[in-house]
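Trainee: Contents of entry-v7.txt (compact mmCIF, C-alpha atoms and all ligand atoms):
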# COMPACT_ATOMS: atom_id res chain seq x y z
CA MET A 47 -27.88 25.37 15.22
CA ARG A 48 -31.54 25.81 14.54
CA LEU A 49 -33.60 22.74 13.63
CA LEU A 50 -37.08 22.47 12.25
CA LEU A 51 -38.99 19.35 13.21
CA VAL A 52 -42.21 18.53 11.37
CA GLU A 53 -43.81 15.54 13.04
CA ASP A 54 -47.45 14.94 13.94
CA GLU A 55 -47.04 12.10 16.42
CA LYS A 56 -47.22 13.87 19.75
CA ARG A 57 -45.09 11.53 21.84
CA MET A 58 -42.48 11.15 19.16
CA ALA A 59 -42.27 14.90 18.65
CA GLN A 60 -42.01 15.56 22.37
CA ALA A 61 -39.26 13.01 22.83
CA LEU A 62 -37.33 14.36 19.85
CA CYS A 63 -37.63 17.97 21.00
CA GLU A 64 -36.34 17.03 24.45
CA LEU A 65 -33.47 15.04 23.04
CA LEU A 66 -32.43 17.70 20.56
CA ARG A 67 -32.62 20.52 23.11
CA LEU A 68 -30.46 18.47 25.47
CA GLU A 69 -27.95 18.33 22.63
CA LYS A 70 -28.06 22.16 22.50
CA TYR A 71 -29.97 22.46 19.27
CA ASP A 72 -32.64 25.16 19.03
CA VAL A 73 -35.76 23.32 17.88
CA ASP A 74 -39.00 24.60 16.41
CA HIS A 75 -41.73 22.00 16.07
CA TYR A 76 -44.80 21.86 13.86
CA ALA A 77 -47.31 19.03 13.66
CA ASP A 78 -49.02 20.15 10.47
CA GLY A 79 -47.59 19.80 6.97
CA GLU A 80 -48.75 23.19 5.70
CA GLU A 81 -47.35 25.02 8.71
CA GLY A 82 -44.17 22.97 8.47
CA LEU A 83 -43.71 23.97 4.84
CA TYR A 84 -44.28 27.63 5.69
CA ALA A 85 -41.62 27.43 8.41
CA ALA A 86 -39.22 25.50 6.16
CA GLU A 87 -39.47 28.17 3.49
CA SER A 88 -38.38 30.86 5.96
CA GLY A 89 -34.79 29.78 5.35
CA LEU A 90 -34.09 30.07 9.06
CA TYR A 91 -33.01 26.52 9.69
CA ASP A 92 -29.76 24.60 9.52
CA VAL A 93 -31.47 21.22 9.19
CA ILE A 94 -35.08 20.20 8.57
CA ILE A 95 -36.36 16.92 10.03
CA LEU A 96 -39.46 15.80 8.18
CA ASP A 97 -41.89 13.04 8.94
CA VAL A 98 -43.47 11.53 5.82
CA MET A 99 -47.09 10.98 6.85
CA LEU A 100 -48.44 14.34 7.99
CA PRO A 101 -51.78 16.13 7.99
CA GLY A 102 -52.07 18.93 5.45
CA LYS A 103 -49.10 18.08 3.30
CA ASN A 104 -46.85 15.05 3.37
CA GLY A 105 -43.09 15.09 3.85
CA PHE A 106 -42.36 14.32 0.18
CA GLU A 107 -44.45 17.27 -0.97
CA ILE A 108 -42.80 19.56 1.58
CA ALA A 109 -39.30 18.51 0.48
CA LYS A 110 -40.21 19.07 -3.15
CA GLU A 111 -41.63 22.54 -2.55
CA VAL A 112 -38.76 23.57 -0.31
CA ARG A 113 -36.29 22.71 -3.06
CA LYS A 114 -38.45 24.42 -5.67
CA SER A 115 -38.25 27.63 -3.70
CA GLY A 116 -34.45 27.44 -3.83
CA ILE A 117 -33.83 26.49 -0.22
CA LYS A 118 -30.87 24.16 0.16
CA THR A 119 -31.24 23.39 3.85
CA PRO A 120 -30.43 19.69 4.41
CA ILE A 121 -33.51 17.54 4.94
CA LEU A 122 -33.60 14.39 7.03
CA MET A 123 -36.73 12.34 6.38
CA LEU A 124 -38.27 10.14 9.02
CA THR A 125 -40.37 7.36 7.67
CA ALA A 126 -42.37 4.66 9.33
CA LYS A 127 -41.93 2.39 6.36
CA SER A 128 -38.70 0.72 5.46
CA ASP A 129 -39.93 0.55 1.90
CA VAL A 130 -37.10 1.10 -0.58
CA ASP A 131 -39.44 2.84 -3.04
CA ASP A 132 -40.21 5.42 -0.39
CA LYS A 133 -36.58 6.19 0.07
CA VAL A 134 -36.01 6.61 -3.63
CA GLU A 135 -39.02 8.89 -3.90
CA GLY A 136 -37.90 11.04 -1.00
CA LEU A 137 -34.35 11.39 -2.21
CA ASP A 138 -35.62 12.27 -5.68
CA ARG A 139 -37.67 15.04 -4.17
CA GLY A 140 -34.84 16.68 -2.34
CA ALA A 141 -34.31 14.87 0.96
CA ASP A 142 -30.65 14.45 1.84
CA ASP A 143 -30.90 11.53 4.18
CA TYR A 144 -33.27 8.97 5.65
CA LEU A 145 -34.05 7.38 8.92
CA THR A 146 -36.56 4.58 9.31
CA LYS A 147 -38.73 4.48 12.42
CA PRO A 148 -38.08 3.12 14.94
CA PHE A 149 -34.54 4.41 15.21
CA MET A 150 -31.89 4.77 17.88
CA THR A 151 -31.42 8.31 19.11
CA LYS A 152 -27.69 7.82 18.71
CA GLU A 153 -28.19 7.23 15.03
CA LEU A 154 -30.40 10.31 14.62
CA LEU A 155 -27.77 12.48 16.28
CA ALA A 156 -25.01 11.03 14.11
CA ARG A 157 -27.02 11.69 10.94
CA LEU A 158 -27.72 15.23 12.05
CA ARG A 159 -24.05 15.90 12.69
CA ALA A 160 -23.22 14.53 9.26
CA LEU A 161 -25.81 16.80 7.60
CA VAL A 162 -24.58 19.83 9.52
CA ARG A 163 -21.03 19.06 8.40
CA ARG A 164 -22.27 18.90 4.83
CA THR A 165 -23.91 22.31 5.26
CA SER A 166 -20.57 23.66 6.32
CA ASN A 167 -19.79 23.11 2.70
CA SER A 168 -16.40 21.53 3.07
CA SER A 169 -14.72 18.95 5.21
CA ASP A 170 -11.97 21.23 6.47
CA GLY A 171 -14.32 23.43 8.47
CA THR A 172 -14.17 26.47 6.26
CA LEU A 173 -16.73 28.48 4.32
CA SER A 174 -15.73 30.80 1.53
CA PHE A 175 -17.18 33.68 -0.43
CA GLY A 176 -15.38 36.07 -2.76
CA ASP A 177 -11.99 36.78 -1.19
CA ILE A 178 -12.91 35.77 2.37
CA THR A 179 -12.75 32.47 4.22
CA LEU A 180 -14.49 31.77 7.47
CA ASN A 181 -12.97 29.14 9.71
CA THR A 182 -15.88 27.45 11.44
CA ASN A 183 -13.71 25.92 14.17
CA SER A 184 -11.69 28.93 15.26
CA TYR A 185 -14.25 31.63 14.31
CA SER A 186 -11.55 33.43 12.38
CA LEU A 187 -12.14 35.44 9.25
CA ILE A 188 -9.37 35.33 6.69
CA CYS A 189 -8.47 37.33 3.59
CA SER A 190 -5.13 36.38 2.02
CA ASP A 191 -2.54 37.00 4.78
CA ASN A 192 -4.85 38.88 7.11
CA SER A 193 -7.09 37.36 9.70
CA VAL A 194 -9.26 38.44 12.60
CA ARG A 195 -11.30 36.66 15.25
CA LEU A 196 -15.06 37.09 15.22
CA SER A 197 -17.35 37.07 18.21
CA GLU A 198 -19.93 34.30 18.27
CA LYS A 199 -22.74 36.53 16.94
CA GLU A 200 -20.54 38.11 14.27
CA PHE A 201 -19.53 34.63 13.18
CA HIS A 202 -23.12 33.38 12.93
CA ILE A 203 -24.22 36.44 10.97
CA LEU A 204 -21.45 36.05 8.44
CA GLU A 205 -21.98 32.29 8.24
CA TYR A 206 -25.68 32.88 7.54
CA LEU A 207 -24.87 35.39 4.80
CA ILE A 208 -22.33 33.06 3.17
CA LEU A 209 -24.67 30.06 3.26
CA ASN A 210 -27.33 32.19 1.57
CA GLN A 211 -25.09 33.92 -0.92
CA GLY A 212 -26.89 35.42 -3.89
CA GLN A 213 -29.95 36.10 -1.76
CA ILE A 214 -31.02 39.16 0.17
CA LEU A 215 -31.66 38.30 3.81
CA THR A 216 -34.16 40.50 5.61
CA ARG A 217 -33.39 42.07 8.98
CA GLU A 218 -36.21 40.02 10.38
CA GLN A 219 -34.71 36.76 9.11
CA ILE A 220 -31.32 37.66 10.51
CA ALA A 221 -32.72 38.75 13.89
CA THR A 222 -34.72 35.54 14.22
CA LYS A 223 -31.85 33.37 13.09
CA ILE A 224 -29.31 34.91 15.45
CA TRP A 225 -31.41 35.90 18.46
CA GLY A 226 -34.35 33.50 18.12
CA TYR A 227 -38.10 34.04 17.98
CA GLU A 228 -38.59 34.70 21.66
CA SER A 229 -35.78 37.14 22.13
CA ASN A 230 -36.39 40.84 22.43
CA ALA A 231 -33.68 41.64 19.93
CA GLU A 232 -34.54 44.83 18.14
CA TYR A 233 -33.83 45.15 14.49
CA ASN A 234 -31.20 47.75 15.27
CA ASN A 235 -29.21 44.97 16.97
CA VAL A 236 -28.83 43.60 13.47
CA GLU A 237 -27.53 46.95 12.26
CA VAL A 238 -25.10 47.21 15.13
CA TYR A 239 -23.70 43.75 14.48
CA MET A 240 -23.55 44.36 10.74
CA SER A 241 -21.36 47.36 11.45
CA PHE A 242 -19.07 45.19 13.62
CA VAL A 243 -18.75 42.61 10.85
CA ARG A 244 -18.10 45.32 8.27
CA LYS A 245 -15.31 46.77 10.44
CA LYS A 246 -13.69 43.35 10.57
CA LEU A 247 -14.04 42.91 6.80
CA SER A 248 -12.30 46.22 6.24
CA PHE A 249 -9.69 45.39 8.90
CA ILE A 250 -8.58 42.35 6.88
CA LYS A 251 -8.80 44.47 3.69
CA ALA A 252 -11.43 42.22 2.12
CA LYS A 253 -13.15 43.31 -1.06
CA THR A 254 -16.19 41.30 -0.05
CA GLU A 255 -18.82 43.65 1.31
CA ILE A 256 -22.12 43.46 3.13
CA LYS A 257 -24.48 45.55 1.04
CA ALA A 258 -27.58 46.98 2.64
CA VAL A 259 -30.51 46.74 0.29
CA ARG A 260 -32.70 49.63 1.27
CA GLY A 261 -35.91 48.60 2.93
CA ILE A 262 -35.20 44.90 2.44
CA GLY A 263 -32.10 43.62 4.14
CA TYR A 264 -28.55 42.57 3.51
CA GLU A 265 -26.55 40.71 0.92
CA LEU A 266 -22.92 39.70 0.43
CA ARG A 267 -21.24 41.14 -2.63
CA TYR A 268 -17.86 40.68 -4.16
CA ASP A 269 -16.63 42.79 -7.07
CA ASN A 270 -13.13 41.84 -8.03
CA VAL A 271 -12.15 45.02 -9.83
CA CA A 301 -46.75 10.95 10.96
I need this file expressed as structure tokens, please.
Ligand code: CA
Mentor:
Amino acid sequence: MRLLLVEDEKRMAQALCELLRLEKYDVDHYADGEEGLYAAESGLYDVIILDVMLPGKNGFEIAKEVRKSGIKTPILMLTAKSDVDDKVEGLDRGADDYLTKPFMTKELLARLRALVRRTSNSSDGTLSFGDITLNTNSYSLICSDNSVRLSEKEFHILEYLILNQGQILTREQIATKIWGYESNAEYNNVEVYMSFVRKKLSFIKAKTEIKAVRGIGYELRYDNV
């Protein structure tokens, strides 16, 4: 799980990063609104945590622009004010949930888990596209009566493609999402893993395919003919 935290208060940001990393989330932190928006629009994150009052661009503006660019990543807004109007404004602009400062870390973690569950698209722990279903608990990939287990990386690649269906994901986006910014993963790692996932798709006789879009990246396709 990769989280983006946009928060300008140093101590708050530090404490949150520590807490979230302890909980095994990968966290990227930005203190500036413009930089935060740029990161949010990368589509690399599973959840975005946004402070409202920020230098550069405020949290409401970021949420609005993120939604305008078609990114559906769940947004949790942190606000210092308990003002009801603020909440309405934020939710109107695309935030999915709210937390008023000060808050208990337990509550933040619970909200995050709830948002992540929502991302998983359904309550039964499955994600679907075309004729395939991905079980997010068992890492199995299913097509009618056939199923196969995926490795952790294969699972995350396919999950990322399903969550961004209809979009072409670049090799760079996939490499960063799966291996992280600091890793030395070469782009050909992406190709190698794509070939593993494709083998598993053909093993279960799925019609869903991973199409390579020359010079750009990859996309899931399903032609039921
Ligand atoms: Ca602030």
Trainee: Rank nothing, just name the residue among A:Ile262, A:Ile220, A:Leu204, A:Val73 nearest to Asn181 (chain A), using all atoms listed in the file.
Mentor: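 Closest candidate: A:Leu204.
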Trainee: Given the choices A:Asp97, A:Asp138, A:Asp269, A:Glu80, which gets closest to ligand CA 301 (chain A) if the distance is worked out from only C-alpha atoms and all ligand atoms?
Mentor: A:Asp97
Trainee: Looking at all atoms listed in the file, which of A:Gly102, A:Lys114, A:Thr125, A:His75 is the one that sits closest to ligand CA 301 (chain A)?
Mentor: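 Using all atoms listed in the file, ligand CA 301 (chain A) sits closest to A:Thr125.
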Trainee: Name each residue within 8 Å of ligand CA 301 (chain A), counting all atoms listed in the file, as a list in words.
Mentor: Glu53, Asp54, Glu55, Asp97, Val98, Met99, Leu100, Pro101 and Ala126 of chain A
Trainee: Please indicate the distance in Å from CA of Gly176 (chain A) to CA of Gly212 (chain A), rounded to one decimal place.
Mentor: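 Those two atoms sit 11.6 Å apart.
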Trainee: To one decimal in Å, tell me the separation between CA of Ile178 (chain A) and CA of Asn234 (chain A).
Mentor: 25.4 Å
Trainee: A:Leu50, A:Leu209, A:Ala61, A:Ile203: which is nearest Lys223 (chain A), counting only C-alpha atoms?
Mentor: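 For Lys223 (chain A), the nearest of the candidates is A:Ile203.
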Trainee: Could you pull out every residue with an atom within 12 Å of (-30.9, 14.1, 21.0), file coordinates, counting all atoms listed in the file, and send them as an MDAnalysis selection string?
Mentor: chainID A and resid 49 59:73 149:159
